[in-house]
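Engineer: run-v9.pdb (PDB, C-alpha atoms) pasted underneath:
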ATOM      1  CA  MET C  17      25.132  -5.626   9.016
ATOM      2  CA  ALA C  18      26.956  -5.179  12.279
ATOM      3  CA  CYS C  19      30.518  -6.372  12.620
ATOM      4  CA  GLY C  20      31.108  -9.544  14.545
ATOM      5  CA  GLY C  21      27.818 -11.150  13.548
ATOM      6  CA  ASP C  22      27.443 -14.875  13.030
ATOM      7  CA  ASP C  23      28.333 -15.963   9.490
ATOM      8  CA  ASN C  24      25.188 -18.093   9.466
ATOM      9  CA  ASP C  25      23.156 -14.892   9.899
ATOM     10  CA  LYS C  26      24.500 -13.738   6.534
ATOM     11  CA  LEU C  27      22.912 -16.809   4.941
ATOM     12  CA  SER C  28      19.478 -16.257   6.470
ATOM     13  CA  LEU C  29      16.573 -15.452   4.162
ATOM     14  CA  ASP C  30      16.231 -11.999   5.735
ATOM     15  CA  SER C  31      19.896 -11.269   5.035
ATOM     16  CA  ILE C  32      19.606 -12.537   1.466
ATOM     17  CA  ARG C  33      16.510 -10.420   0.896
ATOM     18  CA  ASP C  34      18.214  -7.311   2.292
ATOM     19  CA  SER C  35      21.252  -7.902   0.078
ATOM     20  CA  LEU C  36      19.122  -8.280  -3.048
ATOM     21  CA  ILE C  37      17.137  -5.146  -2.258
ATOM     22  CA  ARG C  38      20.332  -3.131  -1.771
ATOM     23  CA  GLN C  39      21.633  -4.373  -5.119
ATOM     24  CA  GLU C  40      18.297  -3.446  -6.688
ATOM     25  CA  ASP C  41      18.569   0.078  -5.270
ATOM     26  CA  THR C  42      22.131   0.371  -6.560
ATOM     27  CA  ILE C  43      21.099  -0.628 -10.090
ATOM     28  CA  ILE C  44      18.296   1.946 -10.176
ATOM     29  CA  PHE C  45      20.460   4.742  -8.757
ATOM     30  CA  ASN C  46      23.196   3.963 -11.291
ATOM     31  CA  LEU C  47      20.659   4.056 -14.126
ATOM     32  CA  ILE C  48      19.489   7.484 -12.988
ATOM     33  CA  GLU C  49      23.095   8.695 -12.886
ATOM     34  CA  ARG C  50      23.965   7.228 -16.275
ATOM     35  CA  ILE C  51      20.884   8.384 -18.148
ATOM     36  CA  LYS C  52      21.871  12.047 -17.913
ATOM     37  CA  TYR C  53      24.844  11.421 -20.216
ATOM     38  CA  PRO C  54      24.439  10.945 -23.977
ATOM     39  CA  ILE C  55      25.609   7.744 -25.616
ATOM     40  CA  ASN C  56      29.169   8.011 -26.881
ATOM     41  CA  SER C  57      29.222   5.287 -29.521
ATOM     42  CA  ILE C  58      32.896   5.822 -30.363
ATOM     43  CA  PHE C  59      33.796   4.815 -26.815
ATOM     44  CA  TYR C  60      32.248   1.353 -27.368
ATOM     45  CA  GLN C  61      33.338   0.699 -30.940
ATOM     46  CA  GLN C  62      36.379  -1.342 -31.841
ATOM     47  CA  PRO C  63      38.488   0.855 -34.116
ATOM     48  CA  SER C  64      39.328  -0.587 -37.524
ATOM     49  CA  SER C  65      42.813   0.805 -37.131
ATOM     50  CA  SER C  66      44.398   2.684 -34.296
ATOM     51  CA  ASN C  67      47.615   4.426 -33.499
ATOM     52  CA  ILE C  68      47.116   3.373 -29.890
ATOM     53  CA  PRO C  69      48.550  -0.157 -29.485
ATOM     54  CA  CYS C  70      46.453  -0.936 -26.411
ATOM     55  CA  LEU C  71      43.242  -0.552 -28.442
ATOM     56  CA  SER C  72      44.208  -3.072 -31.105
ATOM     57  CA  GLY C  73      42.208  -5.785 -29.306
ATOM     58  CA  GLY C  74      39.033  -3.867 -28.478
ATOM     59  CA  SER C  75      37.269  -0.618 -27.766
ATOM     60  CA  LEU C  76      38.306   2.117 -25.372
ATOM     61  CA  PHE C  77      35.569   0.908 -23.008
ATOM     62  CA  HIS C  78      36.976  -2.616 -23.177
ATOM     63  CA  TYR C  79      40.458  -1.335 -22.391
ATOM     64  CA  LEU C  80      39.298   0.883 -19.528
ATOM     65  CA  PHE C  81      37.260  -1.942 -18.006
ATOM     66  CA  GLN C  82      40.173  -4.395 -18.177
ATOM     67  CA  GLN C  83      42.595  -1.927 -16.650
ATOM     68  CA  THR C  84      40.148  -1.111 -13.859
ATOM     69  CA  GLU C  85      39.762  -4.800 -13.029
ATOM     70  CA  ALA C  86      43.533  -5.260 -13.142
ATOM     71  CA  LEU C  87      43.945  -2.533 -10.525
ATOM     72  CA  GLN C  88      41.197  -4.022  -8.365
ATOM     73  CA  ALA C  89      42.798  -7.448  -8.668
ATOM     74  CA  LYS C  90      46.115  -6.065  -7.387
ATOM     75  CA  VAL C  91      44.450  -4.771  -4.209
ATOM     76  CA  GLY C  92      42.692  -8.064  -3.524
ATOM     77  CA  ARG C  93      39.103  -7.513  -4.648
ATOM     78  CA  TYR C  94      38.837 -10.880  -6.366
ATOM     79  CA  LEU C  95      40.223 -12.819  -3.422
ATOM     80  CA  SER C  96      36.655 -12.730  -2.124
ATOM     81  CA  PRO C  97      34.482 -15.552  -3.483
ATOM     82  CA  GLU C  98      31.682 -13.008  -3.851
ATOM     83  CA  GLU C  99      33.644 -10.941  -6.370
ATOM     84  CA  ASN C 100      34.189 -12.042  -9.955
ATOM     85  CA  PRO C 101      35.928 -10.143 -12.769
ATOM     86  CA  PHE C 102      34.350  -9.887 -16.194
ATOM     87  CA  PHE C 103      37.770 -10.384 -17.767
ATOM     88  CA  PRO C 104      39.529 -12.994 -15.584
ATOM     89  CA  ASN C 105      42.383 -13.777 -17.980
ATOM     90  CA  ASN C 106      45.820 -12.282 -17.369
ATOM     91  CA  LEU C 107      44.886 -10.464 -14.178
ATOM     92  CA  PRO C 108      47.868  -9.504 -11.984
ATOM     93  CA  ASP C 109      48.456 -11.196  -8.643
ATOM     94  CA  SER C 110      47.139  -9.491  -5.550
ATOM     95  CA  ILE C 111      49.560  -7.592  -3.329
ATOM     96  CA  ILE C 112      47.175  -8.319  -0.423
ATOM     97  CA  PRO C 113      47.775 -11.577   1.494
ATOM     98  CA  PRO C 114      45.078 -14.243   0.947
ATOM     99  CA  THR C 115      42.183 -14.275   3.377
ATOM    100  CA  ASN C 116      40.653 -17.400   4.851
ATOM    101  CA  PHE C 117      36.937 -17.286   4.106
ATOM    102  CA  THR C 118      34.539 -19.426   6.097
ATOM    103  CA  PRO C 119      32.847 -22.305   4.228
ATOM    104  CA  ALA C 120      29.503 -20.503   4.424
ATOM    105  CA  LEU C 121      30.814 -17.342   2.828
ATOM    106  CA  SER C 122      32.719 -19.225   0.177
ATOM    107  CA  ARG C 123      29.395 -20.401  -1.229
ATOM    108  CA  ARG C 124      28.277 -16.832  -1.916
ATOM    109  CA  ILE C 125      29.887 -16.378  -5.305
ATOM    110  CA  HIS C 126      27.437 -13.674  -6.315
ATOM    111  CA  TYR C 127      23.766 -13.161  -5.787
ATOM    112  CA  GLY C 128      22.590 -15.166  -8.800
ATOM    113  CA  LYS C 129      24.551 -18.242  -7.818
ATOM    114  CA  PHE C 130      23.636 -17.734  -4.176
ATOM    115  CA  VAL C 131      19.937 -17.710  -5.010
ATOM    116  CA  ALA C 132      20.451 -21.032  -6.750
ATOM    117  CA  GLU C 133      22.128 -22.377  -3.633
ATOM    118  CA  VAL C 134      19.108 -21.430  -1.538
ATOM    119  CA  LYS C 135      16.499 -22.692  -3.983
ATOM    120  CA  PHE C 136      18.112 -26.106  -4.288
ATOM    121  CA  MET C 137      19.516 -26.603  -0.794
ATOM    122  CA  ASP C 138      17.111 -29.515  -0.251
ATOM    123  CA  CYS C 139      18.100 -31.287  -3.441
ATOM    124  CA  THR C 140      19.339 -34.719  -2.424
ATOM    125  CA  ASP C 141      21.000 -37.439  -4.477
ATOM    126  CA  GLU C 142      17.669 -39.037  -5.349
ATOM    127  CA  TYR C 143      16.678 -35.928  -7.322
ATOM    128  CA  LYS C 144      19.939 -35.530  -9.224
ATOM    129  CA  PRO C 145      19.077 -37.859 -12.133
ATOM    130  CA  PHE C 146      15.812 -35.988 -12.653
ATOM    131  CA  ILE C 147      17.463 -32.576 -12.671
ATOM    132  CA  LEU C 148      20.333 -33.660 -14.893
ATOM    133  CA  ALA C 149      17.828 -35.061 -17.367
ATOM    134  CA  GLN C 150      16.261 -31.634 -17.826
ATOM    135  CA  ASP C 151      17.669 -29.343 -20.473
ATOM    136  CA  ARG C 152      18.428 -25.718 -19.772
ATOM    137  CA  ASP C 153      15.111 -24.493 -21.130
ATOM    138  CA  ALA C 154      13.213 -26.800 -18.804
ATOM    139  CA  LEU C 155      15.291 -25.658 -15.846
ATOM    140  CA  MET C 156      14.654 -22.044 -16.766
ATOM    141  CA  LYS C 157      10.919 -22.766 -16.641
ATOM    142  CA  LEU C 158      11.300 -24.402 -13.235
ATOM    143  CA  LEU C 159      13.040 -21.253 -11.997
ATOM    144  CA  THR C 160      10.354 -18.948 -13.353
ATOM    145  CA  PHE C 161       7.801 -17.676 -10.862
ATOM    146  CA  GLU C 162       5.645 -15.265 -12.830
ATOM    147  CA  ALA C 163       3.850 -13.787  -9.820
ATOM    148  CA  VAL C 164       7.164 -12.989  -8.136
ATOM    149  CA  GLU C 165       8.627 -11.508 -11.313
ATOM    150  CA  GLU C 166       5.571  -9.289 -11.800
ATOM    151  CA  MET C 167       5.962  -8.088  -8.224
ATOM    152  CA  VAL C 168       9.637  -7.295  -8.828
ATOM    153  CA  LYS C 169       8.854  -5.365 -12.025
ATOM    154  CA  LYS C 170       6.222  -3.287 -10.249
ATOM    155  CA  ARG C 171       8.551  -2.658  -7.312
ATOM    156  CA  VAL C 172      11.494  -1.471  -9.401
ATOM    157  CA  ALA C 173       9.200   0.760 -11.473
ATOM    158  CA  LYS C 174       7.892   2.338  -8.289
ATOM    159  CA  LYS C 175      11.428   2.798  -6.957
ATOM    160  CA  ALA C 176      12.524   4.402 -10.223
ATOM    161  CA  LYS C 177       9.629   6.844  -9.976
ATOM    162  CA  VAL C 178      10.425   7.715  -6.357
ATOM    163  CA  PHE C 179      14.212   7.865  -6.739
ATOM    164  CA  GLY C 180      13.896  10.008  -9.868
ATOM    165  CA  GLN C 181      11.775  12.727  -8.279
ATOM    166  CA  GLU C 182      13.061  16.221  -7.647
ATOM    167  CA  ILE C 183      12.686  17.720  -4.177
ATOM    168  CA  THR C 184      12.320  21.496  -3.877
ATOM    169  CA  SER C 185      13.807  23.639  -1.122
ATOM    170  CA  ASN C 186      10.494  23.686   0.741
ATOM    171  CA  ASP C 187      10.562  19.881   0.964
ATOM    172  CA  CYS C 188       7.785  19.457  -1.562
ATOM    173  CA  VAL C 189       8.005  16.917  -4.348
ATOM    174  CA  LYS C 190       8.113  18.639  -7.705
ATOM    175  CA  GLU C 191       5.451  17.279 -10.016
ATOM    176  CA  ALA C 192       7.435  16.937 -13.191
ATOM    177  CA  LYS C 193       8.850  14.349 -15.513
ATOM    178  CA  GLY C 194      11.137  12.024 -13.611
ATOM    179  CA  LYS C 195      14.811  11.550 -14.299
ATOM    180  CA  VAL C 196      14.198   8.050 -15.649
ATOM    181  CA  ASP C 197      11.179   6.385 -17.214
ATOM    182  CA  PRO C 198       9.944   3.796 -14.660
ATOM    183  CA  SER C 199       8.595   1.569 -17.433
ATOM    184  CA  LEU C 200      12.090   1.295 -18.944
ATOM    185  CA  VAL C 201      13.512   0.125 -15.616
ATOM    186  CA  SER C 202      10.748  -2.457 -15.396
ATOM    187  CA  ARG C 203      11.580  -3.627 -18.937
ATOM    188  CA  LEU C 204      15.274  -3.831 -18.068
ATOM    189  CA  TYR C 205      14.474  -6.232 -15.255
ATOM    190  CA  ASP C 206      12.002  -8.186 -17.371
ATOM    191  CA  GLU C 207      14.194  -8.590 -20.447
ATOM    192  CA  TRP C 208      17.710  -8.616 -19.003
ATOM    193  CA  ILE C 209      18.329  -8.776 -15.277
ATOM    194  CA  MET C 210      15.889 -11.511 -14.278
ATOM    195  CA  PRO C 211      16.605 -13.775 -17.294
ATOM    196  CA  LEU C 212      20.372 -13.420 -16.776
ATOM    197  CA  THR C 213      19.958 -14.183 -13.075
ATOM    198  CA  LYS C 214      18.087 -17.387 -13.898
ATOM    199  CA  LEU C 215      20.699 -18.291 -16.504
ATOM    200  CA  VAL C 216      23.392 -18.071 -13.830
ATOM    201  CA  GLU C 217      21.250 -20.195 -11.512
ATOM    202  CA  VAL C 218      20.898 -22.905 -14.170
ATOM    203  CA  GLU C 219      24.613 -22.988 -14.929
ATOM    204  CA  TYR C 220      25.443 -23.074 -11.229
ATOM    205  CA  LEU C 221      22.966 -25.880 -10.565
ATOM    206  CA  LEU C 222      24.325 -27.985 -13.413
ATOM    207  CA  ARG C 223      27.866 -27.391 -12.207
ATOM    208  CA  ARG C 224      26.956 -28.489  -8.674
ATOM    209  CA  LEU C 225      25.310 -31.669  -9.962
ATOM    210  CA  ASP C 226      28.061 -32.511 -12.447
TER     211      ASP C 226
END
Please rewrite the model in this file as structure tokens.

Structural biologist:
Amino acid sequence: MACGGDDNDKLSLDSIRDSLIRQEDTIIFNLIERIKYPINSIFYQQPSSSNIPCLSGGSLFHYLFQQTEALQAKVGRYLSPEENPFFPNNLPDSIIPPTNFTPALSRRIHYGKFVAEVKFMDCTDEYKPFILAQDRDALMKLLTFEAVEEMVKKRVAKKAKVFGQEITSNDCVKEAKGKVDPSLVSRLYDEWIMPLTKLVEVEYLLRRLD
């Protein structure tokens, strides 16, 4: 998006769609990059005893992740309402001065919550008692559009197939096994990414109507 654009343009459906597609591409590319490395289970296990004091509360992965977020917090990443740490407790203060975000941008916490904002932007006070009366399972069903989810699963599988191809020096696509199984990417979206996105939407909606 070009600099100097209207903040309202960033909240248009076209802008939202472009943002989601870019995030989708990023997820698939990262999967392709990650899949070439074997699983290192020791990296994710919490040691029963350790001579390294910093690992007494978790795994090496846990420690590395926390320290990475601490560094990012110091340079102001989480000053943006669109950025949220996985481990928000005990993060250091930012050395970057606070930035004044416009009201429109401050609503874009992350894409899951932003989708909820769009889907329920027409929800007026008269509908609040109805929505609050629904439990989380019912809200999850209201947020489920099977035709759209099937389309997403097919799209990400196709992207995984295309992104995982090898191109030869003569610009021909090499007919060989791809770098990632497209069906696994489709399953990842079906079983994890889309359900977690809807879970965030439900929690965000309930928080807004509290």

Engineer: Could you list the residues chosen by the PyMOL selection byres ((chain C and resi 99-110) around 7) in this structure as a list in words?

Structural biologist: Gln82, Glu85, Ala86, Ala89, Lys90, Val91, Gly92, Arg93, Tyr94, Ser96, Pro97, Glu98, Ile111, Ile112, Ile125 and His126 of chain C

Engineer: Taking the file as shown, what set of residues would the PyMOL selection byres ((chain C and resi 50-64) around 7) give back, as a list in words?

Structural biologist: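 Applying the PyMOL selection byres ((chain C and resi 50-64) around 7) to the structure shown produces Asn46, Leu47, Ile48, Glu49, Ser65, Ser66, Gly74, Ser75, Leu76 and Phe77 of chain C.
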
Engineer: For atom CA of C:Phe45 and atom CA of C:Pro198, quote the distance in Å rounded to one decimal.

Structural biologist: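 Rounded to one decimal, the two atoms are 12.1 Å apart.
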
Engineer: Mind pulling up the distance from atom CA of C:Ala163 to atom CA of C:Gln181?

Structural biologist: 27.7 Å

Engineer: Take every atom of stretch 166-185 of chain C listed in the file, pad by 6 Å on each side, and give me the axis-aligned box centre and edge lengths in Å, one decimal, as lines of an AutoDock Vina configuration file.

Structural biologist:
center_x = 9.9
center_y = 7.2
center_z = -6.6
size_x = 20.6
size_y = 44.9
size_z = 22.9

Engineer: By how many Å are atom CA of C:Val172 and atom CA of C:Ile209 apart?

Structural biologist: 11.6 Å

Engineer: Convert the output of the PyMOL selection byres ((chain C and resi 218) around 9) on the shown file into explicit residues, formatted as a ChimeraX atom specification.

Structural biologist: /C:129,132,152,155-156,159,213-217,219-223
